[in-house]
Amino acid sequence: MLKTLALTTCLGLILAAPLATPSLAETYTDPDSAWWGAFLETLDGTAPDLEALALQDPEYLAADEFSRDEARTKVMARLAADRANIDPATAEVVLSIRAEFGDYDSARGGFPVSIFTPTSRLPLSMGRSLFFRNWQDVALFPATRDEGRALRQKIGQDSLLARVDIRDIRKSRTRSGGYEGHVARVTYSTTTGSEIGQIIPHDAIAADPAVVAAQTEAARQTILTAAGIPPLGTRWDDAKQHLQPLWPVMASSDFVNWGTAKRVAYFWKDGAVQQDEAHDPAKGFRLYLQQREAGWMPQDGEHISVTDLLYGSGASAVDTRGLGPGLACYTPEVFDRCAVLIFEPKDGSHVLTGAYGVIEQPAATSAEAAFTTFLGDAAGAFDGLTTIADYDREDIRQARKAPITGGRGVPTFAAGAGQPLTANLPYDPLKNTTGIEAIQREIAIYAIEGAEGRTPVVYVIGQ
C-alpha cells in the first residue's frame with residue numbers, strides 16, 4: 001500500500017504560495033497545486049490550455065462583465081510568463097511535512113523516519129504523486145544510544161516538522177502517474193520551533209552514459225550466461241546448436257502435419273533431436289526450455305498454477321489468473337533455470353526476438369540484495385523499486401502446487417535497464433499490480449521474495 005504524506009503549514013511556512021518569479025537559486029517553498037501543475041507540464045513538455053486555466057483564475061473571476069476579456073488576456077500572459085520562469089533542471093523545492101521518529105533501532109543506530117519508505121508519496125495535482133528516489137539515504141535519523149535517549153525525552157512521541165529539500169525531479173519510469181525527486185537535505189524541528197537536526201545525503205552524481213551502456217551490456221551477458229540462452233538476433237539454426245548442450249528438454253510451440261495427425265515441429269530430449277521439421281516461414285513460434293519433460297505447451301501453460309510459473313511441481317493445476325506459460329522448471333528440489341524463447345520470421349529464417357525465464361538464486365536478506373548480488377556492478381545501470389507481484393505467498397514459500405489460498409502478492413524488487421521497448425512485453429509479472437507501470441525496457445529483472453532457501457529471479461529481454 002502506498003503511504004500518502006501530508007504537507008503542513010506549521011511555523012508560519014506558507015503552503016499555498018502563489019506562483020512567483022524564482023530567486024537566483026530557483027527555490028520554491030511549499031508551492032501550491034497551480035505551481036505543481038505548471039512545473040509538471042513544463043517537465044513533461046506538454047502544452048497547457050492557458051485559456052481554460054485563465055477562466056478559473058481569481059483575477060479573471062473578480063473581473064466584471066465589461067473587463068473580462070481584458071482580464072483573460074492579462075491572466076493568460078501572466079500564466080505563460082510564470083511557466084517560462086520554471087526550469088525543472090535547476091529548480092529546488094522545499095516541502096514542509098509532518099514526520100515521526102519510530103522506536104530507536106539499536107542495530108542501525110538511529111530512529112526510523114516515518115516519511116521515508118519505499119512507497120511514501122506526496123500527492124500532487126491531477127492525481128500525480130512525488131516519490132523520493134533516494135529515500136534509503138534519509139530513512140534513518142542517526143543517533144547513539146545516549147543521544148537517542150536524550151532526543152526522545154525532548155520530543156516524546158510528538159510529531160516533528162521536516163523541511164525536505166528536493167532536486168532533480170523526473171518522471172518515474174516505473175510508477176504510474178509518478179515523479180521522483182532526489183532528497184538533498186532534511187531539517188527536523190519540533191512543532192514548537194526547537195531544532196532537532198539535519199541530514200544531508202550524498203549528492204546524486206549524473207551517470208556517465210558510456211558507463212551505463214557498459215553496465216547494461218555486462219548485465220545482458222550475465223543473464224544470457226546464467227540463463228543458458230543465446231543473444232537476441234540469433235538465427236534459429238545457430239540457436240539450436242547453442243542450446244542443445246545446455247538443455248535436457250526443448251520443444252517448440254508450433255505443430256506440423258504428420259500423416260493424419262500433428263506433432264511438435266521441434267523436440268529435443270535425452271541428448272538427441274527427436275523431431276526437427278520446418279517451421280511455417282510466415283509465422284513465429286516459441287521454444288520452451290525445460291529441465292524435465294512435463295506440461296509446458298500453451299494449452300497447458302495458460303492454466304498452470306502460480307507455483308508452476310516459478311517452480312513447477314506438476315502440470316495439472318488450474319489458475320485462471322496465471323501470468324503466462326513456460327516458467328515451470330519442474331525441479332523444486334534444486335536451484336535451476338527454465339525459459340521461453342520467442343522466434344519471429346526474418347530473411348527466410350526465424351530470428352530470436354525476445355526471451356523470458358527464471359534463474360533461481362541462493363536465499364538473500366531481501367529481493368533487492370539478491371538482485372544486486374546476481375548482477376554485481378552492472379546493477380548500477382538499472383532503475384528499480386520495491387513492489388508486489390501477483391504470485392501466491394504460500395506457493396512461493398513452499399515451492400508447491402496447491403489451490404490458491406487468497407494470500408496473493410509477494411514482495412518483489414523490479415528493475416529495468418536499456419532503451420525503451422518498441423514491442424509489447426512478452427511477459428509481465430506486474431500485470432496485476434496497480435499503480436506501477438510495466439517495465440518497458442530492453443532488460444527487466446524481478447527478484448521475488450518469500451521462497452524458502454532460494455530467491456527466484458525472473459528476467460525478460462526484448463528489443
# chains A, B, ... in the order shown; residues from 1 in each chain; ligands from 1
$ residues_around --residues "stretch 183-198 of chain A" --least-positions-apart "5" --cutoff "6 Å" --atoms "only C-alpha atoms" --output "list in words"
Leu160, Leu161, Ala162, Arg163, Val164, Asp165 and Ile166 of chain A
$ write_last_selection --atoms "N, CA, C and O atoms" --output "PDB file, in the first residue's frame"
ATOM      1  N   LEU A 160       6.968  15.705  14.353  1.00  0.00           N
ATOM      2  CA  LEU A 160       8.015  16.672  14.049  1.00  0.00           C
ATOM      3  C   LEU A 160       7.681  17.359  12.740  1.00  0.00           C
ATOM      4  O   LEU A 160       6.844  16.901  11.959  1.00  0.00           O
ATOM      5  N   LEU A 161       8.363  18.461  12.477  1.00  0.00           N
ATOM      6  CA  LEU A 161       8.268  19.118  11.183  1.00  0.00           C
ATOM      7  C   LEU A 161       9.543  18.821  10.413  1.00  0.00           C
ATOM      8  O   LEU A 161      10.647  19.076  10.904  1.00  0.00           O
ATOM      9  N   ALA A 162       9.391  18.268   9.247  1.00  0.00           N
ATOM     10  CA  ALA A 162      10.542  18.001   8.380  1.00  0.00           C
ATOM     11  C   ALA A 162      10.489  18.958   7.201  1.00  0.00           C
ATOM     12  O   ALA A 162       9.490  19.005   6.469  1.00  0.00           O
ATOM     13  N   ARG A 163      11.542  19.745   7.025  1.00  0.00           N
ATOM     14  CA  ARG A 163      11.693  20.579   5.827  1.00  0.00           C
ATOM     15  C   ARG A 163      12.561  19.792   4.852  1.00  0.00           C
ATOM     16  O   ARG A 163      13.750  19.578   5.107  1.00  0.00           O
ATOM     17  N   VAL A 164      11.962  19.364   3.761  1.00  0.00           N
ATOM     18  CA  VAL A 164      12.635  18.455   2.824  1.00  0.00           C
ATOM     19  C   VAL A 164      12.977  19.210   1.543  1.00  0.00           C
ATOM     20  O   VAL A 164      12.089  19.706   0.846  1.00  0.00           O
ATOM     21  N   ASP A 165      14.284  19.313   1.263  1.00  0.00           N
ATOM     22  CA  ASP A 165      14.759  19.948   0.033  1.00  0.00           C
ATOM     23  C   ASP A 165      14.880  18.885  -1.058  1.00  0.00           C
ATOM     24  O   ASP A 165      15.572  17.878  -0.870  1.00  0.00           O
ATOM     25  N   ILE A 166      14.221  19.120  -2.190  1.00  0.00           N
ATOM     26  CA  ILE A 166      14.181  18.133  -3.268  1.00  0.00           C
ATOM     27  C   ILE A 166      14.701  18.752  -4.554  1.00  0.00           C
ATOM     28  O   ILE A 166      14.304  19.861  -4.940  1.00  0.00           O
TER      29      ILE A 166
END
$ select_by_dssp --residues "stretch 193-257 of chain A" --states "helix (DSSP H, G or I)" --output "PyMOL selection string"
chain A and resi 209-227+236-243
$ residues_around --residues "stretch 121-134 of chain A" --least-positions-apart "6" --cutoff "10 Å" --atoms "only C-alpha atoms" --output "JSON, numbers by chain"
{"A": [2, 3, 4, 5, 6, 7, 32, 33, 34, 35, 36, 37, 38, 40, 95, 97, 115, 166, 168, 169, 170, 171, 172, 175, 176, 177, 178, 179, 180, 181, 182, 183, 184, 201, 202, 203, 204, 383, 384, 385]}
$ write_last_selection --atoms "C-alpha atoms" --output "tab-separated table (two decimals), in the first residue's frame"
chain	number	residue	atom	x	y	z
A	2	LEU	CA	1.28	3.47	-0.85
A	3	LYS	CA	1.90	5.70	2.13
A	4	THR	CA	0.48	9.17	1.47
A	5	LEU	CA	2.26	12.04	3.20
A	6	ALA	CA	0.59	15.24	4.30
A	7	LEU	CA	2.05	18.71	3.89
A	32	ASP	CA	0.60	25.22	-4.39
A	33	SER	CA	-1.17	22.90	-6.83
A	34	ALA	CA	-1.15	25.53	-9.58
A	35	TRP	CA	2.65	25.71	-9.45
A	36	TRP	CA	2.92	21.92	-9.49
A	37	GLY	CA	0.64	21.78	-12.49
A	38	ALA	CA	2.82	24.28	-14.33
A	40	LEU	CA	4.91	19.11	-14.34
A	95	LEU	CA	8.40	20.98	1.33
A	97	ILE	CA	5.97	17.61	6.01
A	115	ILE	CA	8.03	9.71	5.82
A	166	ILE	CA	14.18	18.13	-3.27
A	168	ASP	CA	16.32	16.71	-9.89
A	169	ILE	CA	12.62	15.84	-10.19
A	170	ARG	CA	11.96	13.44	-13.07
A	171	LYS	CA	9.05	11.47	-14.45
A	172	SER	CA	9.13	7.96	-12.99
A	175	ARG	CA	5.26	4.28	-11.20
A	176	SER	CA	2.03	5.16	-12.97
A	177	GLY	CA	1.43	8.91	-12.70
A	178	GLY	CA	4.56	9.15	-10.55
A	179	TYR	CA	7.54	11.50	-10.39
A	180	GLU	CA	10.75	11.02	-8.41
A	181	GLY	CA	12.96	13.60	-6.74
A	182	HIS	CA	16.36	13.48	-5.06
A	183	VAL	CA	16.29	14.47	-1.38
A	184	ALA	CA	19.17	16.92	-0.93
A	201	PRO	CA	22.85	12.74	1.96
A	202	HIS	CA	25.48	12.43	-0.73
A	203	ASP	CA	24.55	14.32	-3.88
A	204	ALA	CA	23.43	12.21	-6.78
A	383	ASP	CA	16.16	1.83	-12.32
A	384	GLY	CA	14.34	-0.20	-9.71
A	385	LEU	CA	11.74	-0.19	-6.97
$ closest_residue --among "A:Ala62, A:Ile448, A:Ile199, A:Ala91" --to "A:Phe141" --atoms "only C-alpha atoms"
A:Ile199
$ closest_residue --among "A:Val410, A:Leu430, A:Ala143, A:Ala261" --to "A:Gly110" --atoms "only C-alpha atoms"
A:Ala143
$ select_by_dssp --residues "stretch 73-229 of chain A" --states "strand (DSSP E or B)" --output "VMD selection string"
chain A and resid 92 to 99 101 105 110 to 113 120 to 123 129 to 132 140 to 142 160 to 171 175 178 to 190 195 to 199
$ closest_residue --among "A:Ala251, A:Val334, A:Leu43, A:Ala414" --to "A:Pro362" --atoms "only C-alpha atoms"
A:Val334
$ closest_residue --among "A:Thr234, A:Leu243, A:Leu140, A:Pro31" --to "A:Ile200" --atoms "only C-alpha atoms"
A:Leu140
$ closest_residue --among "A:Leu55, A:Ala80, A:Ala415, A:Leu232" --to "A:Ile445" --atoms "only C-alpha atoms"
A:Ala415
